[in-house]
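Q: Structure: start.cif, mmCIF, C-alpha atoms (C1' of nucleotides).
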data_model
#
loop_
_atom_site.label_atom_id
_atom_site.label_comp_id
_atom_site.auth_asym_id
_atom_site.auth_seq_id
_atom_site.Cartn_x
_atom_site.Cartn_y
_atom_site.Cartn_z
CA MET A 1371 110.16 89.07 -29.23
CA LYS A 1372 107.06 87.83 -27.52
CA THR A 1373 104.36 89.75 -25.73
CA LEU A 1374 103.19 88.86 -22.25
CA LYS A 1375 99.83 90.13 -21.07
CA LEU A 1376 99.51 90.13 -17.28
CA VAL A 1377 96.35 90.93 -15.31
CA THR A 1378 95.67 91.25 -11.59
CA TRP A 1379 92.12 91.39 -10.28
CA ASN A 1380 90.46 91.02 -6.89
CA VAL A 1381 87.15 89.45 -7.96
CA ASN A 1382 85.54 89.36 -4.50
CA GLY A 1383 84.29 85.79 -4.79
CA ILE A 1384 85.18 83.88 -7.94
CA ARG A 1385 81.89 82.00 -8.03
CA ALA A 1386 79.83 85.18 -7.96
CA SER A 1387 82.18 87.02 -10.28
CA TYR A 1388 82.18 84.40 -13.03
CA ASP A 1389 78.84 85.34 -14.56
CA LYS A 1390 79.01 89.01 -13.61
CA GLY A 1391 82.04 89.75 -15.75
CA LEU A 1392 84.98 87.46 -15.08
CA ASN A 1393 84.24 84.92 -17.78
CA GLN A 1394 83.56 87.56 -20.40
CA PHE A 1395 86.67 89.46 -19.37
CA VAL A 1396 88.86 86.39 -19.92
CA GLN A 1397 87.30 85.84 -23.36
CA GLU A 1398 87.88 89.44 -24.32
CA TYR A 1399 91.41 90.04 -22.98
CA SER A 1400 92.80 86.51 -22.89
CA PRO A 1401 95.72 87.39 -20.60
CA ASP A 1402 98.75 85.12 -20.65
CA ILE A 1403 98.80 85.28 -16.87
CA LEU A 1404 95.76 86.08 -14.76
CA CYS A 1405 96.25 86.68 -11.04
CA ILE A 1406 93.03 86.52 -9.03
CA GLN A 1407 92.58 87.55 -5.40
CA GLU A 1408 89.72 86.88 -3.01
CA THR A 1409 88.55 83.70 -4.67
CA LYS A 1410 86.60 83.03 -1.45
CA ALA A 1411 86.63 79.38 -2.48
CA HIS A 1412 88.64 76.23 -2.54
CA LYS A 1413 89.30 74.92 -6.01
CA ASP A 1414 86.97 71.95 -5.48
CA GLN A 1415 84.11 74.29 -4.52
CA VAL A 1416 84.08 75.69 -8.05
CA GLU A 1417 82.30 73.96 -10.92
CA PRO A 1418 84.84 72.07 -13.05
CA HIS A 1419 84.37 74.09 -16.23
CA LYS A 1420 84.68 77.32 -14.26
CA GLN A 1421 87.62 76.08 -12.23
CA SER A 1422 90.18 76.54 -14.96
CA LEU A 1423 88.71 79.62 -16.67
CA GLY A 1424 89.98 77.93 -19.81
CA TYR A 1425 93.59 77.85 -18.57
CA GLU A 1426 95.55 74.65 -18.72
CA HIS A 1427 97.63 75.68 -15.73
CA ASN A 1428 96.06 77.10 -12.59
CA TYR A 1429 97.33 77.16 -9.05
CA TRP A 1430 95.26 77.96 -5.99
CA SER A 1431 96.03 78.83 -2.41
CA SER A 1432 92.92 78.90 -0.24
CA ALA A 1433 92.21 79.80 3.36
CA GLU A 1434 91.43 77.21 6.00
CA ARG A 1435 88.28 79.13 6.72
CA LYS A 1436 85.64 78.56 4.04
CA GLY A 1437 84.54 81.51 1.95
CA TYR A 1438 87.46 83.66 3.02
CA SER A 1439 90.43 85.18 1.18
CA GLY A 1440 92.28 82.94 -1.30
CA VAL A 1441 94.32 83.60 -4.43
CA ALA A 1442 94.74 81.77 -7.74
CA THR A 1443 97.07 82.20 -10.70
CA PHE A 1444 96.01 81.14 -14.20
CA LEU A 1445 98.65 80.66 -16.89
CA LYS A 1446 98.86 79.64 -20.52
CA LYS A 1447 102.41 78.47 -20.05
CA LYS A 1448 103.53 76.17 -17.27
CA PRO A 1449 105.81 77.82 -14.70
CA LYS A 1450 109.11 76.24 -13.65
CA LYS A 1451 108.05 76.04 -10.02
CA VAL A 1452 105.05 76.95 -7.83
CA LEU A 1453 104.99 77.86 -4.13
CA THR A 1454 102.15 79.06 -1.91
CA GLY A 1455 103.97 80.77 0.92
CA ILE A 1456 106.93 82.60 2.29
CA ASP A 1457 108.48 81.64 5.63
CA ASN A 1458 105.49 82.31 7.89
CA PRO A 1459 102.84 79.51 7.74
CA ASP A 1460 100.15 81.90 8.98
CA TYR A 1461 99.97 83.35 5.49
CA GLU A 1462 99.40 79.98 3.88
CA LYS A 1463 96.55 79.30 6.29
CA GLU A 1464 94.84 82.40 4.89
CA GLY A 1465 95.54 81.72 1.22
CA ARG A 1466 97.51 84.91 0.66
CA ILE A 1467 100.17 84.01 -1.89
CA VAL A 1468 100.80 82.09 -5.09
CA TRP A 1469 104.46 82.39 -6.07
CA THR A 1470 105.30 81.13 -9.55
CA GLN A 1471 108.80 81.01 -10.99
CA HIS A 1472 109.40 81.64 -14.66
CA GLU A 1473 112.24 81.97 -17.13
CA GLU A 1474 112.41 85.75 -16.96
CA PHE A 1475 111.08 86.51 -13.47
CA ASP A 1476 109.43 85.31 -10.27
CA LEU A 1477 105.79 86.33 -9.93
CA TYR A 1478 104.03 86.87 -6.61
CA ASN A 1479 100.25 86.97 -6.71
CA ILE A 1480 99.27 88.37 -3.32
CA TYR A 1481 96.15 89.25 -1.40
CA PHE A 1482 97.56 91.50 1.30
CA PRO A 1483 95.68 91.36 4.61
CA ASN A 1484 93.08 93.97 5.40
CA GLY A 1485 93.88 95.73 8.66
CA GLY A 1486 90.62 97.53 9.21
CA SER A 1487 88.77 95.24 11.59
CA GLY A 1488 90.60 95.87 14.85
CA GLU A 1489 94.02 95.96 16.41
CA GLU A 1490 94.84 92.30 15.91
CA ARG A 1491 94.31 92.42 12.17
CA HIS A 1492 96.08 95.75 11.93
CA ASN A 1493 99.15 94.23 13.58
CA PHE A 1494 98.89 91.11 11.41
CA LYS A 1495 98.91 93.28 8.31
CA GLN A 1496 101.92 95.35 9.43
CA LYS A 1497 103.81 92.14 10.20
CA PHE A 1498 102.91 90.77 6.78
CA LEU A 1499 104.14 93.93 5.08
CA LYS A 1500 107.46 93.81 6.89
CA GLU A 1501 108.05 90.10 6.43
CA LEU A 1502 107.18 90.26 2.75
CA THR A 1503 109.69 93.04 2.14
CA ASP A 1504 112.37 91.09 4.02
CA HIS A 1505 111.61 88.02 1.95
CA LEU A 1506 111.71 89.93 -1.33
CA LYS A 1507 114.98 91.63 -0.44
CA PHE A 1508 116.46 88.22 0.25
CA GLU A 1509 115.29 86.90 -3.10
CA MET A 1510 116.56 89.98 -4.94
CA LYS A 1511 120.00 89.41 -3.47
CA LYS A 1512 120.08 86.17 -5.41
CA GLY A 1513 119.82 88.28 -8.56
CA LYS A 1514 116.19 87.50 -9.28
CA GLN A 1515 113.86 89.74 -11.23
CA ILE A 1516 110.50 89.93 -9.48
CA ILE A 1517 106.93 91.00 -10.22
CA VAL A 1518 104.60 91.57 -7.26
CA VAL A 1519 100.93 91.93 -8.21
CA GLY A 1520 97.72 91.94 -6.30
CA ASP A 1521 95.44 93.67 -3.89
CA TYR A 1522 98.01 95.46 -1.72
CA ASN A 1523 95.35 97.03 0.46
CA VAL A 1524 97.63 100.06 0.54
CA ALA A 1525 97.42 103.34 -1.37
CA TYR A 1526 100.48 105.54 -1.00
CA LEU A 1527 100.20 108.78 -2.96
CA GLU A 1528 97.91 111.64 -1.98
CA PHE A 1529 95.98 111.40 -5.22
CA ASP A 1530 95.60 107.63 -5.05
CA VAL A 1531 92.59 108.08 -2.77
CA HIS A 1532 89.60 110.35 -3.25
CA ASP A 1533 89.85 112.04 0.16
CA PRO A 1534 93.42 111.84 1.50
CA LYS A 1535 92.76 113.98 4.54
CA ARG A 1536 89.84 111.98 5.90
CA LEU A 1537 91.24 108.60 4.90
CA SER A 1538 94.61 109.16 6.56
CA LYS A 1539 93.08 107.61 9.68
CA GLU A 1540 91.78 104.53 7.90
CA SER A 1541 93.51 101.23 7.30
CA GLY A 1542 94.98 101.20 3.81
CA PHE A 1543 96.08 104.83 3.83
CA LEU A 1544 97.66 105.17 7.26
CA PRO A 1545 100.94 107.11 7.39
CA GLU A 1546 102.84 103.99 8.47
CA GLU A 1547 101.38 102.02 5.55
CA ARG A 1548 102.28 104.70 3.03
CA GLU A 1549 105.74 104.71 4.58
CA TRP A 1550 105.94 100.95 4.14
CA PHE A 1551 105.09 101.33 0.44
CA ASN A 1552 107.79 103.93 -0.02
CA GLY A 1553 110.29 101.62 1.65
CA PHE A 1554 109.16 98.80 -0.64
CA LEU A 1555 109.82 101.03 -3.65
CA LYS A 1556 113.15 102.07 -2.21
CA ALA A 1557 114.10 98.42 -1.88
CA GLY A 1558 114.05 98.25 -5.68
CA PHE A 1559 110.47 98.06 -6.91
CA THR A 1560 108.68 100.32 -9.38
CA ASP A 1561 104.92 100.90 -9.41
CA VAL A 1562 104.39 100.31 -13.13
CA PHE A 1563 101.14 102.21 -13.56
CA ARG A 1564 102.51 105.31 -11.85
CA GLN A 1565 105.80 105.04 -13.72
CA LEU A 1566 103.98 105.21 -17.07
CA HIS A 1567 101.28 107.66 -15.98
CA PRO A 1568 102.84 109.95 -13.37
CA ASP A 1569 100.13 112.60 -13.50
CA LYS A 1570 96.97 110.58 -14.12
CA LYS A 1571 94.55 111.48 -11.38
CA GLU A 1572 91.33 109.94 -10.12
CA MET A 1573 92.42 106.51 -11.27
CA TYR A 1574 91.22 103.98 -8.75
CA SER A 1575 90.95 100.20 -8.51
CA TRP A 1576 88.51 99.81 -5.62
CA TRP A 1577 85.26 101.50 -4.59
CA SER A 1578 83.02 100.74 -1.66
CA TYR A 1579 79.73 99.09 -2.57
CA ARG A 1580 78.04 101.68 -0.39
CA GLU A 1581 76.96 105.24 -1.01
CA LEU A 1582 77.17 104.90 -4.81
CA ALA A 1583 80.93 105.21 -4.40
CA ARG A 1584 81.72 103.77 -7.80
CA SER A 1585 79.43 105.93 -9.88
CA ARG A 1586 80.76 108.96 -7.98
CA ASN A 1587 84.32 107.63 -8.41
CA LYS A 1588 85.05 107.82 -4.70
CA GLY A 1589 87.77 105.20 -4.86
CA TRP A 1590 91.19 104.03 -3.84
CA ARG A 1591 94.11 102.83 -5.97
CA ILE A 1592 95.22 99.78 -4.00
CA ASP A 1593 95.76 97.13 -6.68
CA HIS A 1594 99.25 97.29 -8.09
CA ILE A 1595 101.78 95.78 -10.45
CA CYS A 1596 105.31 96.38 -9.19
CA VAL A 1597 108.53 95.15 -10.77
CA THR A 1598 112.26 95.11 -10.13
CA GLU A 1599 114.59 97.27 -12.16
CA GLY A 1600 115.68 94.70 -14.73
CA LEU A 1601 112.09 94.36 -15.96
CA LEU A 1602 111.44 98.04 -16.62
CA LYS A 1603 112.80 97.94 -20.16
CA HIS A 1604 110.35 95.14 -20.99
CA ILE A 1605 107.21 97.08 -20.07
CA LYS A 1606 105.02 98.21 -22.95
CA SER A 1607 101.88 99.43 -21.22
CA CYS A 1608 99.92 99.44 -18.00
CA ASP A 1609 96.30 100.40 -17.50
CA ILE A 1610 93.60 100.35 -14.85
CA LEU A 1611 90.43 98.95 -16.41
CA MET A 1612 88.02 101.09 -14.42
CA GLN A 1613 85.00 100.26 -16.60
CA GLN A 1614 85.22 96.52 -15.93
CA VAL A 1615 82.31 95.11 -13.93
CA GLY A 1616 82.13 91.94 -11.83
CA SER A 1617 83.67 92.99 -8.52
CA ASP A 1618 84.14 95.95 -6.21
CA HIS A 1619 87.70 96.06 -7.58
CA CYS A 1620 88.64 96.47 -11.23
CA PRO A 1621 91.52 94.76 -13.03
CA VAL A 1622 94.97 96.21 -13.65
CA ILE A 1623 96.73 95.09 -16.82
CA ALA A 1624 100.33 95.31 -17.99
CA GLU A 1625 101.97 94.24 -21.22
CA PHE A 1626 105.59 93.17 -21.38
CA GLU A 1627 107.83 92.27 -24.27
CA PHE A 1628 110.62 89.76 -23.89
"C1'" DA J 726 79.69 108.21 14.83
"C1'" DT J 727 77.08 105.01 12.44
"C1'" DG J 728 75.80 102.47 8.66
"C1'" DG J 729 75.55 101.94 4.13
"C1'" DC J 730 76.46 96.89 0.26
"C1'" DG J 731 77.68 92.37 -1.10
"C1'" DG J 732 79.72 87.47 -0.82
"C1'" DC J 733 79.79 83.82 1.95
"C1'" DT J 734 78.47 80.30 5.59
"C1'" DG J 735 75.12 77.31 7.08
"C1'" DA J 736 70.48 77.50 7.82
"C1'" DG J 737 70.40 82.66 11.84
"C1'" DA J 738 72.27 86.33 11.97
"C1'" DG J 739 77.07 87.28 11.62
"C1'" DC J 740 81.75 87.87 9.79
"C1'" DC J 741 84.52 90.30 6.69
"C1'" DG J 742 85.96 93.63 3.43
"C1'" DA J 743 89.20 98.84 3.08
#
Kindly transcribe the structure held in the file into structure tokens.
A:
Amino acid sequence: MKTLKLVTWNVNGIRASYDKGLNQFVQEYSPDILCIQETKAHKDQVEPHKQSLGYEHNYWSSAERKGYSGVATFLKKKPKKVLTGIDNPDYEKEGRIVWTQHEEFDLYNIYFPNGGSGEERHNFKQKFLKELTDHLKFEMKKGKQIIVVGDYNVAYLEFDVHDPKRLSKESGFLPEEREWFNGFLKAGFTDVFRQLHPDKKEMYSWWSYRELARSRNKGWRIDHICVTEGLLKHIKSCDILMQQVGSDHCPVIAEFEF
DNA sequence: ATGGCGGCTGAGAGCCGA
């Protein structure tokens, strides 16, 4: 039996996050796999010693536009294969996905689009959601076990946001987005945190920088670790590290045993 | 309703985040 510690964290700019908490976090938790979203940098824009975060293997997908989006996956053990997109090249242009393939599962590290800045981005996000589910269904048909982690930019349960009534008109908690999440679960995924902690309330992973939202815990739970059925028996724990500083999001951690 | 905060770009104020 070996333990696998997996972390997902939207750091909102890896260069700014490094000295605000990211580096110390890696020292303290030493995850086997660390999935970062919103690097807001190309790999070569980051100082060499900070580039790897101490990981021998790290894979980046960055946006064409500088300072925007971007994901990176850091691993102690080399994956069998690495990809940076699904069928639609638009998502690679925005650095949305690092897809690593491992012995026991395929891992998708994803920064889901934000749909809150107008109709075009709203539609882009809904398209992304649909196409991702289609892609994952196709992969599952091959018999694969899959982990999807990242900043989903979607909360789906009433108590996953601090004010469900007001926020039901805002991107990230729209009825159609919550419906998408339920369909995603129905397709065969389990939200690991909620599976282990069905009644835990006021657990959030993102707070606005404004209006002292974090200290008042006016947050959203939008960062998730979801797995296919065959992986459920391997889960040992899952927690939202709400006290962790260094970003407007906090990390979510899960431990598996294989 | 608006703007509020912060990272980033490119050298200003503006874009974007959810």
Q: Name the residues that the PyMOL selection byres ((chain J) within 10 of (chain A)) pulls out of this structure, and write them as a VMD selection string.
A: chain J and resid 728 to 734 740 to 743
Q: Run through the PyMOL selection byres ((chain A and resi 1469) around 12) on the given coordinates and return the selected residues as a PyMOL selection string.
A: chain A and resi 1405+1428-1431+1441-1444+1449-1456+1462+1465-1468+1470-1472+1475-1481+1506+1516-1520
Q: Rounded to one decimal, what separation in Å do you get between atom CA of A:Ser1432 and atom CA of A:Glu1464?
A: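 Interatomic distance here is 6.5 Å.
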Q: In Å to one decimal, how far is atom CA of A:Leu1555 from atom CA of A:Leu1376?
A: 20.3 Å
Q: Using atom CA of A:Ile1610 and atom CA of A:Ser1575 as the two end points, give the distance in Å to one decimal.
A: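 Result for atom CA of A:Ile1610 versus atom CA of A:Ser1575: 6.9 Å, one decimal.
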Q: Restricting the calculation to only C-alpha atoms, which member of A:Asp1521, A:Glu1599, A:Glu1546, A:Asp1533 is positioned closest to A:Ile1406?
A: A:Asp1521
Q: Output, as AutoDock Vina command-line options, the centre and edge lengths in Å (one decimal) of the axis-aligned box that contains all listed atoms of stretch 1543-1556 of chain A with 6 Å of margin on each side.
A:
--center_x 104.6 --center_y 103.0 --center_z 2.4 --size_x 29.1 --size_y 20.3 --size_z 24.1
Q: Tell me, as a ChimeraX atom specification, which residues lie within 10 Å of A:Cys1620, counting all atoms listed in the file; anything in the same chain fewer than 3 positions away does not count.
A: /A:1378-1381,1574-1577,1591,1593,1610-1617,1623
Q: Tell me which residues the PyMOL selection byres ((chain A and resi 1427) around 8) grabs here, as a tab-separated table (two decimals) with C-alpha atoms, keeping the file's coordinate frame.
A:
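Final output, saved to selection_28.tsv:
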chain	number	residue	atom	x	y	z
A	1422	SER	CA	90.18	76.54	-14.96
A	1425	TYR	CA	93.59	77.85	-18.57
A	1426	GLU	CA	95.55	74.65	-18.72
A	1428	ASN	CA	96.06	77.10	-12.59
A	1429	TYR	CA	97.33	77.16	-9.05
A	1444	PHE	CA	96.01	81.14	-14.20
A	1445	LEU	CA	98.65	80.66	-16.89
A	1446	LYS	CA	98.86	79.64	-20.52
A	1447	LYS	CA	102.41	78.47	-20.05
A	1448	LYS	CA	103.53	76.17	-17.27
Q: Counting all atoms listed in the file, which of A:Gln1394, A:His1532, A:Gly1553, A:Lys1514 gets nearest to A:Glu1473?
A: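 Once distances to A:Glu1473 are computed over all atoms listed in the file, the minimum belongs to A:Lys1514.
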Q: Excluding A:Val1562 and residues on its chain fewer than 5 positions from it, collect all residues at most 10 Å away from it, counting all atoms listed in the file, and give them as a ChimeraX atom specification.
A: /A:1567-1568,1594-1598,1602,1605,1607-1609,1623-1624
Q: Could I get stretch 1563-1586 of chain A from the block written out with N, CA, C and O atoms, as an mmCIF file, in the first residue's frame?
A:
data_model
loop_
_atom_site.group_PDB
_atom_site.id
_atom_site.type_symbol
_atom_site.label_atom_id
_atom_site.label_comp_id
_atom_site.auth_asym_id
_atom_site.auth_seq_id
_atom_site.Cartn_x
_atom_site.Cartn_y
_atom_site.Cartn_z
ATOM 1 N N PHE A 1563 -14.969 15.720 -1.477
ATOM 2 C CA PHE A 1563 -15.160 16.423 -0.202
ATOM 3 C C PHE A 1563 -16.583 16.215 0.322
ATOM 4 O O PHE A 1563 -16.799 15.881 1.492
ATOM 5 N N ARG A 1564 -17.563 16.388 -0.550
ATOM 6 C CA ARG A 1564 -18.958 16.281 -0.110
ATOM 7 C C ARG A 1564 -19.340 14.852 0.239
ATOM 8 O O ARG A 1564 -20.160 14.616 1.128
ATOM 9 N N GLN A 1565 -18.715 13.910 -0.445
ATOM 10 C CA GLN A 1565 -18.942 12.494 -0.131
ATOM 11 C C GLN A 1565 -18.514 12.183 1.309
ATOM 12 O O GLN A 1565 -19.220 11.512 2.051
ATOM 13 N N LEU A 1566 -17.366 12.717 1.708
ATOM 14 C CA LEU A 1566 -16.829 12.423 3.044
ATOM 15 C C LEU A 1566 -17.425 13.323 4.121
ATOM 16 O O LEU A 1566 -17.418 12.967 5.297
ATOM 17 N N HIS A 1567 -17.890 14.488 3.719
ATOM 18 C CA HIS A 1567 -18.411 15.456 4.698
ATOM 19 C C HIS A 1567 -19.765 15.991 4.227
ATOM 20 O O HIS A 1567 -19.877 17.186 3.887
ATOM 21 N N PRO A 1568 -20.771 15.145 4.204
ATOM 22 C CA PRO A 1568 -22.055 15.537 3.598
ATOM 23 C C PRO A 1568 -22.750 16.724 4.272
ATOM 24 O O PRO A 1568 -23.491 17.439 3.605
ATOM 25 N N ASP A 1569 -22.486 16.939 5.545
ATOM 26 C CA ASP A 1569 -23.215 17.990 6.256
ATOM 27 C C ASP A 1569 -22.371 19.196 6.634
ATOM 28 O O ASP A 1569 -22.867 20.114 7.273
ATOM 29 N N LYS A 1570 -21.098 19.190 6.277
ATOM 30 C CA LYS A 1570 -20.218 20.293 6.673
ATOM 31 C C LYS A 1570 -20.600 21.570 5.942
ATOM 32 O O LYS A 1570 -20.501 21.654 4.721
ATOM 33 N N LYS A 1571 -21.000 22.555 6.722
ATOM 34 C CA LYS A 1571 -21.456 23.808 6.120
ATOM 35 C C LYS A 1571 -20.412 24.907 6.244
ATOM 36 O O LYS A 1571 -19.463 24.788 7.011
ATOM 37 N N GLU A 1572 -20.640 25.961 5.476
ATOM 38 C CA GLU A 1572 -19.741 27.118 5.488
ATOM 39 C C GLU A 1572 -18.285 26.735 5.230
ATOM 40 O O GLU A 1572 -17.373 27.294 5.823
ATOM 41 N N MET A 1573 -18.115 25.779 4.348
ATOM 42 C CA MET A 1573 -16.780 25.389 3.895
ATOM 43 C C MET A 1573 -16.611 25.898 2.465
ATOM 44 O O MET A 1573 -17.277 25.430 1.555
ATOM 45 N N TYR A 1574 -15.740 26.870 2.332
ATOM 46 C CA TYR A 1574 -15.569 27.513 1.030
ATOM 47 C C TYR A 1574 -14.112 27.442 0.585
ATOM 48 O O TYR A 1574 -13.209 27.228 1.384
ATOM 49 N N SER A 1575 -13.926 27.668 -0.724
ATOM 50 C CA SER A 1575 -12.556 27.628 -1.271
ATOM 51 C C SER A 1575 -12.180 28.923 -1.981
ATOM 52 O O SER A 1575 -11.054 29.069 -2.442
ATOM 53 N N TRP A 1576 -13.136 29.834 -2.088
ATOM 54 C CA TRP A 1576 -12.821 31.149 -2.685
ATOM 55 C C TRP A 1576 -13.625 32.247 -1.991
ATOM 56 O O TRP A 1576 -14.804 32.057 -1.660
ATOM 57 N N TRP A 1577 -12.951 33.384 -1.796
ATOM 58 C CA TRP A 1577 -13.584 34.576 -1.233
ATOM 59 C C TRP A 1577 -13.119 35.775 -2.044
ATOM 60 O O TRP A 1577 -11.947 35.880 -2.393
ATOM 61 N N SER A 1578 -14.020 36.693 -2.288
ATOM 62 C CA SER A 1578 -13.635 37.922 -2.962
ATOM 63 C C SER A 1578 -12.601 38.662 -2.115
ATOM 64 O O SER A 1578 -12.608 38.581 -0.885
ATOM 65 N N TYR A 1579 -11.714 39.382 -2.794
ATOM 66 C CA TYR A 1579 -10.755 40.219 -2.075
ATOM 67 C C TYR A 1579 -11.451 41.420 -1.439
ATOM 68 O O TYR A 1579 -10.898 42.107 -0.593
ATOM 69 N N ARG A 1580 -12.656 41.688 -1.906
ATOM 70 C CA ARG A 1580 -13.330 42.924 -1.489
ATOM 71 C C ARG A 1580 -14.225 42.705 -0.271
ATOM 72 O O ARG A 1580 -14.594 41.573 0.044
ATOM 73 N N GLU A 1581 -14.550 43.776 0.345
ATOM 74 C CA GLU A 1581 -15.532 43.780 1.445
ATOM 75 C C GLU A 1581 -15.197 42.816 2.586
ATOM 76 O O GLU A 1581 -16.081 42.265 3.228
ATOM 77 N N LEU A 1582 -13.904 42.582 2.815
ATOM 78 C CA LEU A 1582 -13.477 41.692 3.900
ATOM 79 C C LEU A 1582 -14.176 40.336 3.834
ATOM 80 O O LEU A 1582 -14.486 39.719 4.857
ATOM 81 N N ALA A 1583 -14.415 39.887 2.597
ATOM 82 C CA ALA A 1583 -15.199 38.662 2.406
ATOM 83 C C ALA A 1583 -14.588 37.462 3.125
ATOM 84 O O ALA A 1583 -15.307 36.630 3.677
ATOM 85 N N ARG A 1584 -13.266 37.396 3.132
ATOM 86 C CA ARG A 1584 -12.646 36.201 3.712
ATOM 87 C C ARG A 1584 -12.782 36.164 5.225
ATOM 88 O O ARG A 1584 -13.123 35.129 5.798
ATOM 89 N N SER A 1585 -12.516 37.291 5.864
ATOM 90 C CA SER A 1585 -12.606 37.292 7.326
ATOM 91 C C SER A 1585 -14.054 37.130 7.787
ATOM 92 O O SER A 1585 -14.312 36.646 8.888
ATOM 93 N N ARG A 1586 -15.001 37.486 6.916
ATOM 94 C CA ARG A 1586 -16.413 37.278 7.256
ATOM 95 C C ARG A 1586 -16.930 35.936 6.734
ATOM 96 O O ARG A 1586 -18.105 35.612 6.872
#
